[in-house]
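Colleague: Below you'll find start-v1.pdb; it's PDB, C-alpha atoms.
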ATOM      1  CA  MET A  26      93.911 107.063 145.393
ATOM      2  CA  LYS A  27      96.617 104.434 145.313
ATOM      3  CA  PHE A  28      94.151 101.830 144.168
ATOM      4  CA  GLY A  29      92.908 104.271 141.558
ATOM      5  CA  LYS A  30      96.437 104.708 140.194
ATOM      6  CA  ILE A  31      96.945 100.961 140.044
ATOM      7  CA  LEU A  32      93.615 100.501 138.321
ATOM      8  CA  GLY A  33      94.465 103.279 135.874
ATOM      9  CA  ALA A  34      97.796 101.657 135.076
ATOM     10  CA  VAL A  35      96.102  98.285 134.494
ATOM     11  CA  LEU A  36      93.546  99.856 132.163
ATOM     12  CA  ALA A  37      96.229 101.744 130.286
ATOM     13  CA  SER A  38      98.289  98.593 129.748
ATOM     14  CA  SER A  39      95.148  96.784 128.593
ATOM     15  CA  ILE A  40      94.480  99.483 126.021
ATOM     16  CA  LEU A  41      98.067  99.304 124.775
ATOM     17  CA  LEU A  42      97.847  95.532 124.522
ATOM     18  CA  ALA A  43      94.576  95.786 122.624
ATOM     19  CA  GLY A  44      96.177  98.263 120.233
ATOM     20  CA  CYS A  45      99.110  95.927 119.657
ATOM     21  CA  THR A  46      96.767  93.004 118.980
ATOM     22  CA  THR A  47      94.741  95.113 116.529
ATOM     23  CA  ASP A  48      97.920  96.166 114.690
ATOM     24  CA  LYS A  49      99.051  92.566 114.320
ATOM     25  CA  LYS A  50      95.630  91.647 112.961
ATOM     26  CA  GLU A  51      95.671  94.486 110.422
ATOM     27  CA  ILE A  52      99.284  93.836 109.392
ATOM     28  CA  LYS A  53      98.509  90.144 108.901
ATOM     29  CA  ALA A  54      95.413  90.994 106.861
ATOM     30  CA  TYR A  55      97.482  93.365 104.715
ATOM     31  CA  SER A  56     100.284  90.800 104.273
ATOM     32  CA  ASP A  57      97.840  88.024 103.399
ATOM     33  CA  GLN A  58      96.252  90.179 100.702
ATOM     34  CA  VAL A  59      99.667  91.153  99.318
ATOM     35  CA  GLN A  60     100.653  87.479  99.285
ATOM     36  CA  LYS A  61      97.556  86.787  97.201
ATOM     37  CA  ALA A  62      98.810  89.397  94.738
ATOM     38  CA  PHE A  63     102.201  87.661  94.678
ATOM     39  CA  ASP A  64     100.530  84.308  94.055
ATOM     40  CA  ASP A  65      98.705  85.789  91.061
ATOM     41  CA  GLU A  66     102.109  86.331  89.436
ATOM     42  CA  LYS A  67     103.434  82.783  89.909
ATOM     43  CA  PRO A  68     102.384  81.631  86.393
ATOM     44  CA  ILE A  69     104.727  84.296  84.980
ATOM     45  CA  ASN A  70     107.654  81.923  85.558
ATOM     46  CA  SER A  71     106.276  79.395  83.051
ATOM     47  CA  ILE A  72     105.279  82.207  80.683
ATOM     48  CA  SER A  73     108.849  83.552  80.786
ATOM     49  CA  LYS A  74     110.192  80.103  79.949
ATOM     50  CA  LYS A  75     107.985  79.984  76.840
ATOM     51  CA  ILE A  76     109.140  83.449  75.791
ATOM     52  CA  ASN A  77     112.784  82.489  76.321
ATOM     53  CA  SER A  78     112.230  79.371  74.219
ATOM     54  CA  LEU A  79     110.816  81.532  71.429
ATOM     55  CA  GLU A  80     113.809  83.878  71.786
ATOM     56  CA  GLU A  81     116.152  80.937  71.263
ATOM     57  CA  LYS A  82     114.203  79.914  68.173
ATOM     58  CA  LYS A  83     114.453  83.508  66.911
ATOM     59  CA  LYS A  84     118.260  83.379  67.216
ATOM     60  CA  LYS A  85     118.409  80.174  65.154
ATOM     61  CA  LEU A  86     116.124  81.624  62.491
ATOM     62  CA  SER A  87     118.123  84.864  62.350
ATOM     63  CA  SER A  88     121.185  82.931  61.224
ATOM     64  CA  LYS A  89     119.272  81.838  58.101
ATOM     65  CA  VAL A  90     117.873  85.217  57.153
ATOM     66  CA  ASN A  91     121.075  86.138  55.231
ATOM     67  CA  SER A  92     120.884  83.016  53.069
ATOM     68  CA  GLN A  93     121.814  83.397  49.398
ATOM     69  CA  ASP A  94     118.668  81.428  48.551
ATOM     70  CA  PRO A  95     115.738  83.878  48.135
ATOM     71  CA  GLN A  96     113.196  81.214  49.073
ATOM     72  CA  VAL A  97     115.020  80.429  52.309
ATOM     73  CA  ARG A  98     115.205  84.163  53.146
ATOM     74  CA  GLU A  99     111.509  84.633  52.457
ATOM     75  CA  LYS A 100     110.489  81.581  54.489
ATOM     76  CA  THR A 101     112.757  82.596  57.373
ATOM     77  CA  ALA A 102     111.486  86.184  57.432
ATOM     78  CA  THR A 103     107.893  84.906  57.539
ATOM     79  CA  GLU A 104     108.772  82.550  60.402
ATOM     80  CA  LEU A 105     110.445  85.404  62.281
ATOM     81  CA  VAL A 106     107.288  87.522  62.013
ATOM     82  CA  ASP A 107     105.263  84.569  63.291
ATOM     83  CA  ASN A 108     107.759  84.134  66.136
ATOM     84  CA  ALA A 109     107.366  87.802  67.096
ATOM     85  CA  ASP A 110     103.582  87.438  67.144
ATOM     86  CA  LYS A 111     103.887  84.413  69.411
ATOM     87  CA  ARG A 112     106.129  86.319  71.814
ATOM     88  CA  LEU A 113     103.650  89.173  71.953
ATOM     89  CA  LYS A 114     100.852  86.700  72.633
ATOM     90  CA  GLU A 115     102.788  85.116  75.504
ATOM     91  CA  PHE A 116     103.762  88.496  76.916
ATOM     92  CA  LYS A 117     100.099  89.515  76.935
ATOM     93  CA  LYS A 118      99.544  86.623  79.367
ATOM     94  CA  GLU A 119     102.196  88.133  81.647
ATOM     95  CA  GLU A 120     100.497  91.534  81.479
ATOM     96  CA  ASP A 121      97.165  89.922  82.367
ATOM     97  CA  LYS A 122      98.734  88.272  85.426
ATOM     98  CA  ILE A 123     100.278  91.560  86.518
ATOM     99  CA  ASP A 124      96.876  93.273  86.125
ATOM    100  CA  GLU A 125      95.260  90.545  88.203
ATOM    101  CA  SER A 126      97.981  90.940  90.823
ATOM    102  CA  GLN A 127      97.559  94.709  90.953
ATOM    103  CA  LYS A 128      93.807  94.401  91.481
ATOM    104  CA  ASP A 129      94.374  92.122  94.472
ATOM    105  CA  PHE A 130      97.117  94.404  95.784
ATOM    106  CA  LYS A 131      94.803  97.424  95.789
ATOM    107  CA  LYS A 132      92.474  95.547  98.140
ATOM    108  CA  ALA A 133      95.224  95.502 100.787
ATOM    109  CA  GLU A 134      95.470  99.274 101.169
ATOM    110  CA  LYS A 135      92.354  99.546 103.334
ATOM    111  CA  TYR A 136      94.127  97.812 106.231
ATOM    112  CA  ILE A 137      96.924 100.396 106.527
ATOM    113  CA  SER A 138      94.789 103.183 108.032
ATOM    114  CA  ASN A 139      93.785 100.864 110.902
ATOM    115  CA  ILE A 140      97.395 100.380 112.070
ATOM    116  CA  LYS A 141      97.842 102.530 115.188
ATOM    117  CA  ASN A 142     101.579 102.194 115.797
ATOM    118  CA  ASP A 143     103.313 104.864 113.684
ATOM    119  CA  THR A 144     106.562 102.909 113.287
ATOM    120  CA  LYS A 145     104.787  99.760 112.096
ATOM    121  CA  LYS A 146     102.480 101.777 109.892
ATOM    122  CA  LYS A 147     105.494 103.429 108.248
ATOM    123  CA  GLU A 148     107.032 100.016 107.515
ATOM    124  CA  VAL A 149     103.831  98.816 105.859
ATOM    125  CA  GLU A 150     103.498 102.057 103.894
ATOM    126  CA  GLU A 151     107.054 101.621 102.605
ATOM    127  CA  LEU A 152     106.135  98.184 101.283
ATOM    128  CA  ASP A 153     102.925  99.577  99.808
ATOM    129  CA  ASN A 154     104.833 102.331  97.988
ATOM    130  CA  ALA A 155     107.450  99.836  96.783
ATOM    131  CA  LEU A 156     104.693  97.679  95.295
ATOM    132  CA  LYS A 157     103.110 100.677  93.570
ATOM    133  CA  ASP A 158     106.513 101.511  92.075
ATOM    134  CA  LYS A 159     106.897  97.893  90.946
ATOM    135  CA  TYR A 160     103.620  97.932  89.025
ATOM    136  CA  LYS A 161     104.535 101.263  87.401
ATOM    137  CA  ALA A 162     107.958  99.893  86.468
ATOM    138  CA  HIS A 163     106.412  96.813  84.867
ATOM    139  CA  GLU A 164     104.026  98.979  82.872
ATOM    140  CA  ALA A 165     106.980 100.970  81.489
ATOM    141  CA  TYR A 166     108.926  97.776  80.787
ATOM    142  CA  ALA A 167     105.917  96.176  79.063
ATOM    143  CA  SER A 168     105.507  99.185  76.781
ATOM    144  CA  ALA A 169     109.210  99.120  75.863
ATOM    145  CA  TYR A 170     109.150  95.346  75.293
ATOM    146  CA  LYS A 171     106.203  95.568  72.908
ATOM    147  CA  ASN A 172     107.848  98.446  71.038
ATOM    148  CA  GLY A 173     110.939  96.276  70.632
ATOM    149  CA  ILE A 174     108.935  93.398  69.183
ATOM    150  CA  LYS A 175     107.100  95.774  66.837
ATOM    151  CA  ALA A 176     110.442  97.103  65.607
ATOM    152  CA  GLU A 177     111.556  93.524  64.960
ATOM    153  CA  LYS A 178     108.368  92.780  63.043
ATOM    154  CA  ALA A 179     108.891  95.875  60.904
ATOM    155  CA  LEU A 180     112.406  94.657  60.061
ATOM    156  CA  PHE A 181     111.359  91.076  59.316
ATOM    157  CA  THR A 182     108.408  92.219  57.191
ATOM    158  CA  TYR A 183     110.661  94.606  55.278
ATOM    159  CA  LEU A 184     113.082  91.764  54.481
ATOM    160  CA  ASN A 185     110.310  90.090  52.489
ATOM    161  CA  GLN A 186     109.660  93.123  50.298
ATOM    162  CA  ASP A 187     110.900  93.013  46.710
ATOM    163  CA  ASN A 188     112.139  96.607  46.880
ATOM    164  CA  ALA A 189     114.076  96.099  50.133
ATOM    165  CA  THR A 190     117.512  97.747  50.159
ATOM    166  CA  GLN A 191     120.553  97.337  52.404
ATOM    167  CA  SER A 192     120.204 100.924  53.630
ATOM    168  CA  GLY A 193     116.574 100.222  54.513
ATOM    169  CA  VAL A 194     117.585  97.079  56.387
ATOM    170  CA  ASP A 195     120.317  99.013  58.229
ATOM    171  CA  GLU A 196     117.863 101.735  59.230
ATOM    172  CA  LYS A 197     115.316  99.276  60.593
ATOM    173  CA  SER A 198     118.053  97.294  62.329
ATOM    174  CA  LYS A 199     119.076 100.485  64.164
ATOM    175  CA  ASP A 200     115.442 100.962  65.205
ATOM    176  CA  VAL A 201     115.493  97.460  66.695
ATOM    177  CA  GLU A 202     118.746  98.170  68.565
ATOM    178  CA  LYS A 203     117.389 101.436  69.991
ATOM    179  CA  ALA A 204     114.115  99.813  71.024
ATOM    180  CA  PHE A 205     115.802  96.918  72.815
ATOM    181  CA  LYS A 206     118.340  99.197  74.496
ATOM    182  CA  LYS A 207     115.428 101.139  75.960
ATOM    183  CA  MET A 208     113.678  97.873  76.871
ATOM    184  CA  ASN A 209     116.756  96.698  78.795
ATOM    185  CA  GLU A 210     116.873  99.997  80.685
ATOM    186  CA  LYS A 211     113.219  99.632  81.660
ATOM    187  CA  PHE A 212     113.688  96.000  82.642
ATOM    188  CA  ASN A 213     116.621  96.892  84.897
ATOM    189  CA  LYS A 214     114.444  99.466  86.648
ATOM    190  CA  TYR A 215     111.718  96.851  87.035
ATOM    191  CA  ALA A 216     114.214  94.356  88.485
ATOM    192  CA  LYS A 217     115.429  97.028  90.919
ATOM    193  CA  ALA A 218     111.821  97.734  91.943
ATOM    194  CA  MET A 219     111.218  94.014  92.556
ATOM    195  CA  ASN A 220     114.322  93.815  94.761
ATOM    196  CA  LYS A 221     113.017  96.782  96.754
ATOM    197  CA  VAL A 222     109.703  94.976  97.274
ATOM    198  CA  THR A 223     111.499  91.869  98.524
ATOM    199  CA  LYS A 224     113.435  93.923 101.088
ATOM    200  CA  GLU A 225     110.382  95.831 102.322
ATOM    201  CA  LYS A 226     108.325  92.607 102.487
ATOM    202  CA  GLN A 227     110.939  91.041 104.766
ATOM    203  CA  ASP A 228     110.711  94.062 107.094
ATOM    204  CA  VAL A 229     106.921  93.821 107.271
ATOM    205  CA  ASP A 230     106.990  90.050 107.819
ATOM    206  CA  GLN A 231     108.945  90.670 111.009
ATOM    207  CA  LEU A 232     106.044  92.738 112.373
ATOM    208  CA  LYS A 233     103.478  89.924 112.151
TER
END
Show how you would write the structure in this file as structure tokens.
Modeller:
Amino acid sequence: MKFGKILGAVLASSILLAGCTTDKKEIKAYSDQVQKAFDDEKPINSISKKINSLEEKKKKLSSKVNSQDPQVREKTATELVDNADKRLKEFKKEEDKIDESQKDFKKAEKYISNIKNDTKKKEVEELDNALKDKYKAHEAYASAYKNGIKAEKALFTYLNQDNATQSGVDEKSKDVEKAFKKMNEKFNKYAKAMNKVTKEKQDVDQLK
């Protein structure tokens, strides 16, 4: 009987060890897939730089839009519309990268159910939920950003109309302000979601 107890204890510890090894394997597989999703987003840094450059150009052009020379105003308004189109085009590249990232992220979920340790599984699930929230937050931010650019385009296009009035300009300017205020709110939520992901990722990395 004593030998049986010893043997039972050895087998039990072997099973626990096997479970631990399996968890590490699954957590690593999950983390590797999530890292692939992160890597998909790396080009966004260069895309953001291009958008910021276009934003700076927009600021310089905006200073000319109140020129007393009608030809200068018309040319500037046209250039501002073109600038808005370019920003939308660049931002579409960011959306494509986020979509690519999300597709790779979804492939990681299958590893979670194979994690046996409840505590470790909870940590991974918290990261998984944080990532889901991040993608949702970016979707909301993207929608608000595009609405802001569209409001700008409506203003710049209106400036080129012969029947444009100051009250009309004021009204469309308010639309731009409202749109970008909402965009900033959505971006702040997205930034907060990204910070949450960073924290949860650090917790999961400690489990590998």
Colleague: If the PyMOL selection byres ((chain A and resi 63-78) around 6) were run on this exact file, what residues would it hold? Put them as a PyMOL selection string.
Modeller: chain A and resi 60-62+79-81+112+119+122+126
Colleague: Determine, counting only C-alpha atoms, which protein, DNA and RNA residues have an atom within 6 Å of an atom of region 135-140 of chain A; residues of the same chain fewer than 2 positions away are not included. Present the result as a PyMOL selection string.
Modeller: chain A and resi 48+51+55+133+142+146
Colleague: Do you know which residues are at most 8 Å from region 196-210 of chain A counting only C-alpha atoms, after dropping those on the same chain fewer than 3 positions away, and could you put them as JSON, numbers by chain?
Modeller: {"A": [166, 169, 170, 172, 173, 176, 177, 179, 180, 192, 193, 213, 214]}
Colleague: Pull the neighbourhood of (118.1, 90.2, 54.0) for me: all residues within 8 Å in file coordinates, counting only C-alpha atoms, as an MDAnalysis selection string.
Modeller: chainID A and resid 90:92 98 184:185 191 194
Colleague: Let me see the file: selected residues, C-alpha atoms, as an mmCIF file, keeping the file's coordinate frame.
Modeller:
data_model
loop_
_atom_site.group_PDB
_atom_site.id
_atom_site.type_symbol
_atom_site.label_atom_id
_atom_site.label_comp_id
_atom_site.auth_asym_id
_atom_site.auth_seq_id
_atom_site.Cartn_x
_atom_site.Cartn_y
_atom_site.Cartn_z
ATOM 1 C CA VAL A 90 117.873 85.217 57.153
ATOM 2 C CA ASN A 91 121.075 86.138 55.231
ATOM 3 C CA SER A 92 120.884 83.016 53.069
ATOM 4 C CA ARG A 98 115.205 84.163 53.146
ATOM 5 C CA LEU A 184 113.082 91.764 54.481
ATOM 6 C CA ASN A 185 110.310 90.090 52.489
ATOM 7 C CA GLN A 191 120.553 97.337 52.404
ATOM 8 C CA VAL A 194 117.585 97.079 56.387
#
Colleague: Let me make sure I understand: among A:Ala102, A:Val59, A:Ile174, A:Val97, which one has the smallest atom-to-atom distance to Lys114 (chain A) if we use only C-alpha atoms?
Modeller: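 Comparing A:Ala102, A:Val59, A:Ile174, A:Val97 against Lys114 (chain A), the winner is A:Ile174.
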Colleague: Considering all atoms listed in the file, state which residue in the set A:Ala167, A:Lys82, A:Thr144, A:Val149 is at the smallest distance from Glu120 (chain A).
Modeller: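 Of A:Ala167, A:Lys82, A:Thr144, A:Val149, the one nearest Glu120 (chain A) is A:Ala167, counting all atoms listed in the file.
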Colleague: Using CA of Asp143 (chain A) and CA of Tyr160 (chain A) as the two end points, give the distance in Å to one decimal.
Modeller: 25.6 Å
Colleague: Output as an mmCIF file, in the coordinates of the input: region 126-137 of chain A, completed with all heavy atoms.
Modeller:
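Printed below is out.cif as written:
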data_model
loop_
_atom_site.group_PDB
_atom_site.id
_atom_site.type_symbol
_atom_site.label_atom_id
_atom_site.label_comp_id
_atom_site.auth_asym_id
_atom_site.auth_seq_id
_atom_site.Cartn_x
_atom_site.Cartn_y
_atom_site.Cartn_z
ATOM 1 N N SER A 126 97.218 90.728 89.591
ATOM 2 C CA SER A 126 97.981 90.940 90.823
ATOM 3 C C SER A 126 97.737 92.340 91.379
ATOM 4 O O SER A 126 97.514 92.513 92.587
ATOM 5 C CB SER A 126 99.479 90.758 90.535
ATOM 6 O OG SER A 126 100.252 91.149 91.653
ATOM 7 N N GLN A 127 97.743 93.328 90.511
ATOM 8 C CA GLN A 127 97.559 94.709 90.953
ATOM 9 C C GLN A 127 96.162 94.938 91.542
ATOM 10 O O GLN A 127 95.995 95.674 92.517
ATOM 11 C CB GLN A 127 97.803 95.678 89.800
ATOM 12 C CG GLN A 127 97.848 97.139 90.232
ATOM 13 C CD GLN A 127 98.332 98.054 89.124
ATOM 14 O OE1 GLN A 127 98.314 97.688 87.943
ATOM 15 N NE2 GLN A 127 98.773 99.233 89.479
ATOM 16 N N LYS A 128 95.178 94.287 90.953
ATOM 17 C CA LYS A 128 93.807 94.401 91.481
ATOM 18 C C LYS A 128 93.719 93.847 92.894
ATOM 19 O O LYS A 128 93.077 94.435 93.771
ATOM 20 C CB LYS A 128 92.822 93.668 90.560
ATOM 21 C CG LYS A 128 92.553 94.390 89.250
ATOM 22 C CD LYS A 128 91.640 93.576 88.344
ATOM 23 C CE LYS A 128 91.445 94.278 87.005
ATOM 24 N NZ LYS A 128 90.627 93.477 86.067
ATOM 25 N N ASP A 129 94.368 92.705 93.132
ATOM 26 C CA ASP A 129 94.374 92.122 94.472
ATOM 27 C C ASP A 129 95.189 92.974 95.438
ATOM 28 O O ASP A 129 94.841 93.110 96.613
ATOM 29 C CB ASP A 129 94.919 90.690 94.440
ATOM 30 C CG ASP A 129 93.833 89.672 94.106
ATOM 31 O OD1 ASP A 129 92.662 89.918 94.440
ATOM 32 O OD2 ASP A 129 94.154 88.640 93.487
ATOM 33 N N PHE A 130 96.278 93.539 94.948
ATOM 34 C CA PHE A 130 97.117 94.404 95.784
ATOM 35 C C PHE A 130 96.341 95.619 96.291
ATOM 36 O O PHE A 130 96.458 96.005 97.459
ATOM 37 C CB PHE A 130 98.348 94.858 94.994
ATOM 38 C CG PHE A 130 98.978 96.108 95.531
ATOM 39 C CD1 PHE A 130 99.610 96.111 96.773
ATOM 40 C CD2 PHE A 130 98.930 97.296 94.814
ATOM 41 C CE1 PHE A 130 100.181 97.276 97.283
ATOM 42 C CE2 PHE A 130 99.500 98.454 95.305
ATOM 43 C CZ PHE A 130 100.129 98.446 96.545
ATOM 44 N N LYS A 131 95.557 96.226 95.413
ATOM 45 C CA LYS A 131 94.803 97.424 95.789
ATOM 46 C C LYS A 131 93.808 97.162 96.930
ATOM 47 O O LYS A 131 93.450 98.065 97.678
ATOM 48 C CB LYS A 131 94.063 97.986 94.575
ATOM 49 C CG LYS A 131 94.993 98.657 93.567
ATOM 50 C CD LYS A 131 94.228 99.175 92.362
ATOM 51 C CE LYS A 131 95.164 99.877 91.389
ATOM 52 N NZ LYS A 131 94.456 100.374 90.182
ATOM 53 N N LYS A 132 93.405 95.917 97.066
ATOM 54 C CA LYS A 132 92.474 95.547 98.140
ATOM 55 C C LYS A 132 93.148 95.544 99.511
ATOM 56 O O LYS A 132 92.468 95.527 100.549
ATOM 57 C CB LYS A 132 91.877 94.162 97.866
ATOM 58 C CG LYS A 132 90.998 94.098 96.624
ATOM 59 C CD LYS A 132 90.535 92.670 96.354
ATOM 60 C CE LYS A 132 89.731 92.573 95.064
ATOM 61 N NZ LYS A 132 89.331 91.173 94.751
ATOM 62 N N ALA A 133 94.476 95.552 99.524
ATOM 63 C CA ALA A 133 95.224 95.502 100.787
ATOM 64 C C ALA A 133 95.337 96.868 101.451
ATOM 65 O O ALA A 133 95.502 96.967 102.677
ATOM 66 C CB ALA A 133 96.620 94.933 100.539
ATOM 67 N N GLU A 134 95.220 97.912 100.668
ATOM 68 C CA GLU A 134 95.470 99.274 101.169
ATOM 69 C C GLU A 134 94.543 99.677 102.317
ATOM 70 O O GLU A 134 94.931 100.435 103.214
ATOM 71 C CB GLU A 134 95.341 100.272 100.015
ATOM 72 C CG GLU A 134 95.923 101.634 100.328
ATOM 73 C CD GLU A 134 95.974 102.547 99.108
ATOM 74 O OE1 GLU A 134 95.289 102.226 98.102
ATOM 75 O OE2 GLU A 134 96.692 103.536 99.154
ATOM 76 N N LYS A 135 93.333 99.158 102.321
ATOM 77 C CA LYS A 135 92.354 99.546 103.334
ATOM 78 C C LYS A 135 92.787 99.195 104.754
ATOM 79 O O LYS A 135 92.292 99.783 105.718
ATOM 80 C CB LYS A 135 91.005 98.881 103.031
ATOM 81 C CG LYS A 135 91.032 97.363 103.052
ATOM 82 C CD LYS A 135 89.706 96.768 102.597
ATOM 83 C CE LYS A 135 89.772 95.237 102.535
ATOM 84 N NZ LYS A 135 88.529 94.649 101.994
ATOM 85 N N TYR A 136 93.696 98.240 104.899
ATOM 86 C CA TYR A 136 94.127 97.812 106.231
ATOM 87 C C TYR A 136 95.162 98.761 106.850
ATOM 88 O O TYR A 136 95.313 98.785 108.067
ATOM 89 C CB TYR A 136 94.712 96.398 106.167
ATOM 90 C CG TYR A 136 93.733 95.359 105.688
ATOM 91 C CD1 TYR A 136 93.878 94.754 104.438
ATOM 92 C CD2 TYR A 136 92.650 94.968 106.477
ATOM 93 C CE1 TYR A 136 92.979 93.795 103.988
ATOM 94 C CE2 TYR A 136 91.744 94.009 106.030
ATOM 95 C CZ TYR A 136 91.920 93.433 104.782
ATOM 96 O OH TYR A 136 91.023 92.485 104.336
ATOM 97 N N ILE A 137 95.836 99.536 106.029
ATOM 98 C CA ILE A 137 96.924 100.396 106.527
ATOM 99 C C ILE A 137 96.422 101.460 107.502
ATOM 100 O O ILE A 137 97.050 101.704 108.543
ATOM 101 C CB ILE A 137 97.656 101.069 105.351
ATOM 102 C CG1 ILE A 137 98.272 100.006 104.434
ATOM 103 C CG2 ILE A 137 98.752 102.001 105.862
ATOM 104 C CD1 ILE A 137 98.952 100.557 103.200
#
